[in-house]
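Contents: one structure, followed by commentary.
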Amino acid sequence: MEPTHPEHSRAVLEVTDLSTHLKVRSGTVRAVDRVSFSLAAGETLGLVGESGCGKTMTALSILRLVPEPGQIVGGSVRFQGKNLLDIAESEMRRVRGKNISMIFQEPMSSLNPVVTIGQQISEAIVLHEGLSRRDARDKTVEMLTLVHIPEARRCIDYYPHQISGGTRQRVMIAMALCCNPKILLADEPTTALDVTIQAQILNLLRELQAKFGTAVVLITHDLGIIAQNADRVVVMYAGKIVEVANVDELFMRSLHPYTKGLLASVPQLDGRPTDDALTRPRLTELAGSVPSLLELPSGCAFEPRCPYATSVCQTTTPVLEEKHPGHLAACWHSEHLAKEIA
């Protein structure tokens, strides 16, 4: 469930009980398991968790781009009053790119290596905006200039391998925003980029979001990025949502042991210059790893890694419920965590 708050009155996307399964030889993988959240106009919603927690599959499910052998088996994705899971594929193609766009994790594998940058962006503009080839080319130059690519008129004739990783990421952003979508799904938009370029890309996203009023789902495992860019945060573990909160609330008072572990493992840059490796505090390690989705524990999926686990955690799955106004958690011991913080 989601809490009732003012943002729901202006939600541009409402995901309810979304479930996506992968049928494999050894059984059924519940990659996305009854996931529910809303996204408000102009909001940045952080979607976080370790690799294999279902973040990317959730985004692909929203766009109905789940690869084989995956299948969306339940729930709804409501956009502008329509459930996107019920409409025809021809109508869904008009939604993708025009109303909901996605920046994929690996720009080199997402861009066609044998088609120029200009052709790839202008194709989307012609398809969704109905412009002529000449006008679409002019808008492509405009978009590349907007994402701060120098000599944009020359860049449109380059192939993906002829530009740097940071420039490829800017091209992906230009392509995603060329039709002024209402929603942008950004899947690890700074992966494999150095810190300086990463900061530039994130600043660019914020700048363009302010210009176009786009709502953003920011998918990442980096809580530092979330702290600086998100308004609210959805934490996923083993295909389920385990915590939802305002970003400040989440960092000050996390109510799920998994979130607490993720936060504790973030390096703290507050040591003195004279500190050495022997005196500097050791990073907290989140023990274990995400379990196989084919062999989940009978109760809480996080129980084998949880320092607070008791017998009820081994037998009964906790329900995602509102613990404080606007703050949801799926944990039997949230109140204990809250007392520790207090």
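Residues are named by chain letter and number: chains run A, B, ... in the order of the structure tokens, numbers start at 1 in each chain, and ligands are numbered from 1 in the order shown.
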ask   = Excluding same-chain residues fewer than 6 positions from segment 222-224 of chain A, what lies within 8 Å of it counting only C-alpha atoms, as a count of residues only?
value = 4
request  = May I have the residues within 12 Å of Thr28 of chain A as an MDAnalysis selection string, using only C-alpha atoms and disregarding those fewer than 3 positions away in the same chain?
outcome  = chainID A and resid 20:25 31:33 69:71 73 292:296
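One finds atom CA of Leu65 of chain A at 13.4 Å from atom CA of Ser90 of chain A.
Restricting the calculation to only C-alpha atoms, the smallest distance between Lys240 of chain A and any of A:Ile62, A:Met252, A:Cys53, A:Ile149 is found for A:Cys53.
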Quick one: which segment 175-287 of chain A residues come within 8 Å of segment 116-124 of chain A, and what is the nearest atom pair for each with the distance in Å to one decimal, counting only C-alpha atoms, rows ordered by chain and ascending number, as JSON lines?
{"residue": "A:Met175", "atom": "CA", "partner": "A:Ile121", "partner_atom": "CA", "distance": 5.2}
{"residue": "A:Cys178", "atom": "CA", "partner": "A:Ile121", "partner_atom": "CA", "distance": 7.5}
{"residue": "A:Cys179", "atom": "CA", "partner": "A:Ala124", "partner_atom": "CA", "distance": 7.8}
Prev. selection, C-alpha atoms, output as an mmCIF file, in the first residue's frame:
data_model
loop_
_atom_site.group_PDB
_atom_site.id
_atom_site.type_symbol
_atom_site.label_atom_id
_atom_site.label_comp_id
_atom_site.auth_asym_id
_atom_site.auth_seq_id
_atom_site.Cartn_x
_atom_site.Cartn_y
_atom_site.Cartn_z
ATOM 1 C CA MET A 175 17.074 11.197 -27.022
ATOM 2 C CA CYS A 178 13.474 15.107 -27.292
ATOM 3 C CA CYS A 179 9.665 14.740 -27.188
#
DSSP strand (DSSP E) residues within segment 40-175 of chain A, as a PDB file with N, CA and C atoms, in the first residue's frame:
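Everything below was put into states18.pdb:
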ATOM      1  N   ALA A  40       4.631  11.786  -8.490  1.00  0.00           N
ATOM      2  CA  ALA A  40       3.959  13.076  -8.665  1.00  0.00           C
ATOM      3  C   ALA A  40       4.596  13.880  -9.784  1.00  0.00           C
ATOM      4  N   THR A  44      11.173  13.755  -8.185  1.00  0.00           N
ATOM      5  CA  THR A  44      12.222  12.767  -8.435  1.00  0.00           C
ATOM      6  C   THR A  44      12.086  11.675  -7.381  1.00  0.00           C
ATOM      7  N   LEU A  45      11.760  10.478  -7.832  1.00  0.00           N
ATOM      8  CA  LEU A  45      11.576   9.333  -6.949  1.00  0.00           C
ATOM      9  C   LEU A  45      12.779   8.418  -7.080  1.00  0.00           C
ATOM     10  N   GLY A  46      13.507   8.202  -6.008  1.00  0.00           N
ATOM     11  CA  GLY A  46      14.655   7.301  -6.032  1.00  0.00           C
ATOM     12  C   GLY A  46      14.219   5.863  -5.853  1.00  0.00           C
ATOM     13  N   LEU A  47      14.723   4.974  -6.699  1.00  0.00           N
ATOM     14  CA  LEU A  47      14.447   3.543  -6.596  1.00  0.00           C
ATOM     15  C   LEU A  47      15.789   2.868  -6.330  1.00  0.00           C
ATOM     16  N   VAL A  48      15.983   2.359  -5.106  1.00  0.00           N
ATOM     17  CA  VAL A  48      17.306   1.891  -4.694  1.00  0.00           C
ATOM     18  C   VAL A  48      17.279   0.444  -4.218  1.00  0.00           C
ATOM     19  N   GLY A  70      10.427 -13.307 -19.384  1.00  0.00           N
ATOM     20  CA  GLY A  70       9.637 -12.581 -18.412  1.00  0.00           C
ATOM     21  C   GLY A  70       8.218 -12.318 -18.878  1.00  0.00           C
ATOM     22  N   GLN A  71       7.319 -12.142 -17.915  1.00  0.00           N
ATOM     23  CA  GLN A  71       5.922 -11.864 -18.234  1.00  0.00           C
ATOM     24  C   GLN A  71       5.298 -11.095 -17.073  1.00  0.00           C
ATOM     25  N   ILE A  72       4.592 -10.012 -17.410  1.00  0.00           N
ATOM     26  CA  ILE A  72       3.848  -9.262 -16.401  1.00  0.00           C
ATOM     27  C   ILE A  72       2.595 -10.061 -16.080  1.00  0.00           C
ATOM     28  N   VAL A  73       2.434 -10.455 -14.818  1.00  0.00           N
ATOM     29  CA  VAL A  73       1.346 -11.379 -14.468  1.00  0.00           C
ATOM     30  C   VAL A  73       0.245 -10.722 -13.642  1.00  0.00           C
ATOM     31  N   GLY A  74       0.447  -9.465 -13.212  1.00  0.00           N
ATOM     32  CA  GLY A  74      -0.605  -8.849 -12.413  1.00  0.00           C
ATOM     33  C   GLY A  74      -0.325  -7.400 -12.100  1.00  0.00           C
ATOM     34  N   GLY A  75      -1.361  -6.722 -11.604  1.00  0.00           N
ATOM     35  CA  GLY A  75      -1.227  -5.340 -11.189  1.00  0.00           C
ATOM     36  C   GLY A  75      -1.669  -4.366 -12.259  1.00  0.00           C
ATOM     37  N   SER A  76      -1.405  -3.082 -12.001  1.00  0.00           N
ATOM     38  CA  SER A  76      -1.765  -2.041 -12.957  1.00  0.00           C
ATOM     39  C   SER A  76      -0.723  -0.933 -12.949  1.00  0.00           C
ATOM     40  N   VAL A  77      -0.591  -0.259 -14.092  1.00  0.00           N
ATOM     41  CA  VAL A  77       0.283   0.909 -14.243  1.00  0.00           C
ATOM     42  C   VAL A  77      -0.579   1.992 -14.874  1.00  0.00           C
ATOM     43  N   ARG A  78      -1.064   2.917 -14.064  1.00  0.00           N
ATOM     44  CA  ARG A  78      -2.015   3.911 -14.536  1.00  0.00           C
ATOM     45  C   ARG A  78      -1.313   5.218 -14.894  1.00  0.00           C
ATOM     46  N   PHE A  79      -1.529   5.641 -16.139  1.00  0.00           N
ATOM     47  CA  PHE A  79      -0.984   6.902 -16.651  1.00  0.00           C
ATOM     48  C   PHE A  79      -2.082   7.619 -17.405  1.00  0.00           C
ATOM     49  N   LYS A  82      -5.359   5.764 -17.774  1.00  0.00           N
ATOM     50  CA  LYS A  82      -5.367   4.460 -18.459  1.00  0.00           C
ATOM     51  C   LYS A  82      -4.409   3.496 -17.791  1.00  0.00           C
ATOM     52  N   ASN A  83      -4.799   2.224 -17.770  1.00  0.00           N
ATOM     53  CA  ASN A  83      -3.905   1.177 -17.320  1.00  0.00           C
ATOM     54  C   ASN A  83      -3.054   0.740 -18.514  1.00  0.00           C
ATOM     55  N   ILE A 100       6.456   8.638 -21.840  1.00  0.00           N
ATOM     56  CA  ILE A 100       7.346   8.002 -20.857  1.00  0.00           C
ATOM     57  C   ILE A 100       8.612   7.560 -21.581  1.00  0.00           C
ATOM     58  N   SER A 101       9.748   8.086 -21.158  1.00  0.00           N
ATOM     59  CA  SER A 101      11.025   7.727 -21.788  1.00  0.00           C
ATOM     60  C   SER A 101      11.929   7.060 -20.767  1.00  0.00           C
ATOM     61  N   MET A 102      12.955   6.381 -21.274  1.00  0.00           N
ATOM     62  CA  MET A 102      13.886   5.690 -20.382  1.00  0.00           C
ATOM     63  C   MET A 102      15.317   5.900 -20.843  1.00  0.00           C
ATOM     64  N   ILE A 103      16.178   6.206 -19.883  1.00  0.00           N
ATOM     65  CA  ILE A 103      17.618   6.221 -20.125  1.00  0.00           C
ATOM     66  C   ILE A 103      18.137   4.871 -19.650  1.00  0.00           C
TER      67      ILE A 103
END
task = Step one, run DSSP on the backbone; step two, keep only residues of segment 113-322 of chain A assigned to alpha helix (DSSP H); then write them as number ranges by chain.
result = A: 117-129, 133-146, 152-155, 165-177, 195-212, 223-229, 247-252, 257-264, 311-315
May I have the residues from that selection written out with C-alpha atoms, as a JSON list (two decimals), in the first residue's frame?
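Output below, filename selection_34.json:
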[["chain", "number", "residue", "atom", "x", "y", "z"],
["A", 117, "ILE", "CA", 23.63, 9.96, -33.49],
["A", 118, "GLY", "CA", 21.51, 12.40, -35.50],
["A", 119, "GLN", "CA", 19.51, 9.68, -37.24],
["A", 120, "GLN", "CA", 18.74, 7.90, -33.95],
["A", 121, "ILE", "CA", 17.38, 11.02, -32.24],
["A", 122, "SER", "CA", 15.56, 12.47, -35.24],
["A", 123, "GLU", "CA", 13.80, 9.14, -35.86],
["A", 124, "ALA", "CA", 12.00, 9.48, -32.51],
["A", 125, "ILE", "CA", 11.14, 13.11, -33.25],
["A", 126, "VAL", "CA", 9.65, 12.25, -36.67],
["A", 127, "LEU", "CA", 7.68, 9.35, -35.18],
["A", 128, "HIS", "CA", 6.18, 11.17, -32.20],
["A", 129, "GLU", "CA", 6.19, 14.83, -33.20],
["A", 133, "ARG", "CA", 13.23, 15.20, -41.65],
["A", 134, "ARG", "CA", 14.77, 18.66, -41.99],
["A", 135, "ASP", "CA", 12.89, 20.07, -38.97],
["A", 136, "ALA", "CA", 13.66, 16.93, -36.94],
["A", 137, "ARG", "CA", 17.35, 17.35, -37.73],
["A", 138, "ASP", "CA", 17.21, 20.97, -36.55],
["A", 139, "LYS", "CA", 15.49, 19.90, -33.32],
["A", 140, "THR", "CA", 18.15, 17.19, -32.85],
["A", 141, "VAL", "CA", 20.86, 19.85, -33.00],
["A", 142, "GLU", "CA", 18.85, 21.93, -30.53],
["A", 143, "MET", "CA", 18.56, 18.99, -28.10],
["A", 144, "LEU", "CA", 22.28, 18.15, -28.33],
["A", 145, "THR", "CA", 23.07, 21.77, -27.63],
["A", 146, "LEU", "CA", 20.68, 21.71, -24.68],
["A", 152, "ALA", "CA", 26.32, 19.69, -31.89],
["A", 153, "ARG", "CA", 25.86, 20.16, -35.66],
["A", 154, "ARG", "CA", 28.97, 18.05, -36.26],
["A", 155, "CYS", "CA", 28.11, 15.50, -33.55],
["A", 165, "GLY", "CA", 31.20, 7.67, -22.60],
["A", 166, "GLY", "CA", 30.08, 10.94, -21.02],
["A", 167, "THR", "CA", 28.97, 12.30, -24.40],
["A", 168, "ARG", "CA", 27.11, 9.06, -25.16],
["A", 169, "GLN", "CA", 25.23, 9.48, -21.88],
["A", 170, "ARG", "CA", 24.32, 13.04, -22.87],
["A", 171, "VAL", "CA", 23.08, 11.72, -26.22],
["A", 172, "MET", "CA", 20.88, 9.22, -24.36],
["A", 173, "ILE", "CA", 19.44, 12.05, -22.25],
["A", 174, "ALA", "CA", 18.79, 14.16, -25.37],
["A", 175, "MET", "CA", 17.07, 11.20, -27.02],
["A", 176, "ALA", "CA", 14.94, 10.51, -23.95],
["A", 177, "LEU", "CA", 13.81, 14.14, -23.61],
["A", 195, "VAL", "CA", 33.12, 11.32, -10.56],
["A", 196, "THR", "CA", 33.49, 14.62, -12.43],
["A", 197, "ILE", "CA", 31.41, 13.49, -15.43],
["A", 198, "GLN", "CA", 28.91, 11.85, -13.07],
["A", 199, "ALA", "CA", 28.32, 15.20, -11.34],
["A", 200, "GLN", "CA", 27.90, 16.93, -14.70],
["A", 201, "ILE", "CA", 25.30, 14.38, -15.85],
["A", 202, "LEU", "CA", 23.30, 14.67, -12.60],
["A", 203, "ASN", "CA", 23.41, 18.47, -12.76],
["A", 204, "LEU", "CA", 22.22, 18.25, -16.35],
["A", 205, "LEU", "CA", 19.29, 16.02, -15.39],
["A", 206, "ARG", "CA", 18.23, 18.47, -12.66],
["A", 207, "GLU", "CA", 18.54, 21.40, -15.08],
["A", 208, "LEU", "CA", 16.44, 19.71, -17.77],
["A", 209, "GLN", "CA", 13.88, 18.49, -15.23],
["A", 210, "ALA", "CA", 13.39, 22.08, -14.07],
["A", 211, "LYS", "CA", 13.06, 23.24, -17.70],
["A", 212, "PHE", "CA", 10.56, 20.59, -18.84],
["A", 223, "LEU", "CA", 22.72, 6.46, -1.84],
["A", 224, "GLY", "CA", 24.93, 9.53, -2.26],
["A", 225, "ILE", "CA", 23.19, 10.23, -5.57],
["A", 226, "ILE", "CA", 19.82, 9.67, -3.91],
["A", 227, "ALA", "CA", 20.62, 12.08, -1.06],
["A", 228, "GLN", "CA", 21.44, 14.89, -3.50],
["A", 229, "ASN", "CA", 18.74, 14.33, -6.12],
["A", 247, "VAL", "CA", 14.50, 11.38, 1.42],
["A", 248, "ASP", "CA", 15.31, 13.36, 4.57],
["A", 249, "GLU", "CA", 13.17, 11.08, 6.71],
["A", 250, "LEU", "CA", 14.80, 7.98, 5.25],
["A", 251, "PHE", "CA", 18.33, 9.18, 5.98],
["A", 252, "MET", "CA", 17.49, 10.40, 9.48],
["A", 257, "PRO", "CA", 17.25, -3.11, 8.74],
["A", 258, "TYR", "CA", 18.13, -3.41, 5.05],
["A", 259, "THR", "CA", 17.93, 0.35, 4.52],
["A", 260, "LYS", "CA", 19.87, 0.88, 7.74],
["A", 261, "GLY", "CA", 22.59, -1.48, 6.46],
["A", 262, "LEU", "CA", 22.80, 0.29, 3.12],
["A", 263, "LEU", "CA", 23.16, 3.67, 4.82],
["A", 264, "ALA", "CA", 25.81, 2.38, 7.25],
["A", 311, "SER", "CA", 11.29, -16.40, 15.04],
["A", 312, "VAL", "CA", 8.38, -14.44, 13.56],
["A", 313, "CYS", "CA", 10.69, -13.22, 10.76],
["A", 314, "GLN", "CA", 11.43, -16.84, 9.79],
["A", 315, "THR", "CA", 7.79, -17.82, 9.41]]
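Computed from the coordinates, the atom CA of Glu89 of chain A to atom CA of Val115 of chain A distance equals 25.4 Å.
Among the candidates A:Gly54, A:His327, A:Ser254, A:Met236, the one nearest to Glu340 of chain A when counting only C-alpha atoms is A:Ser254.
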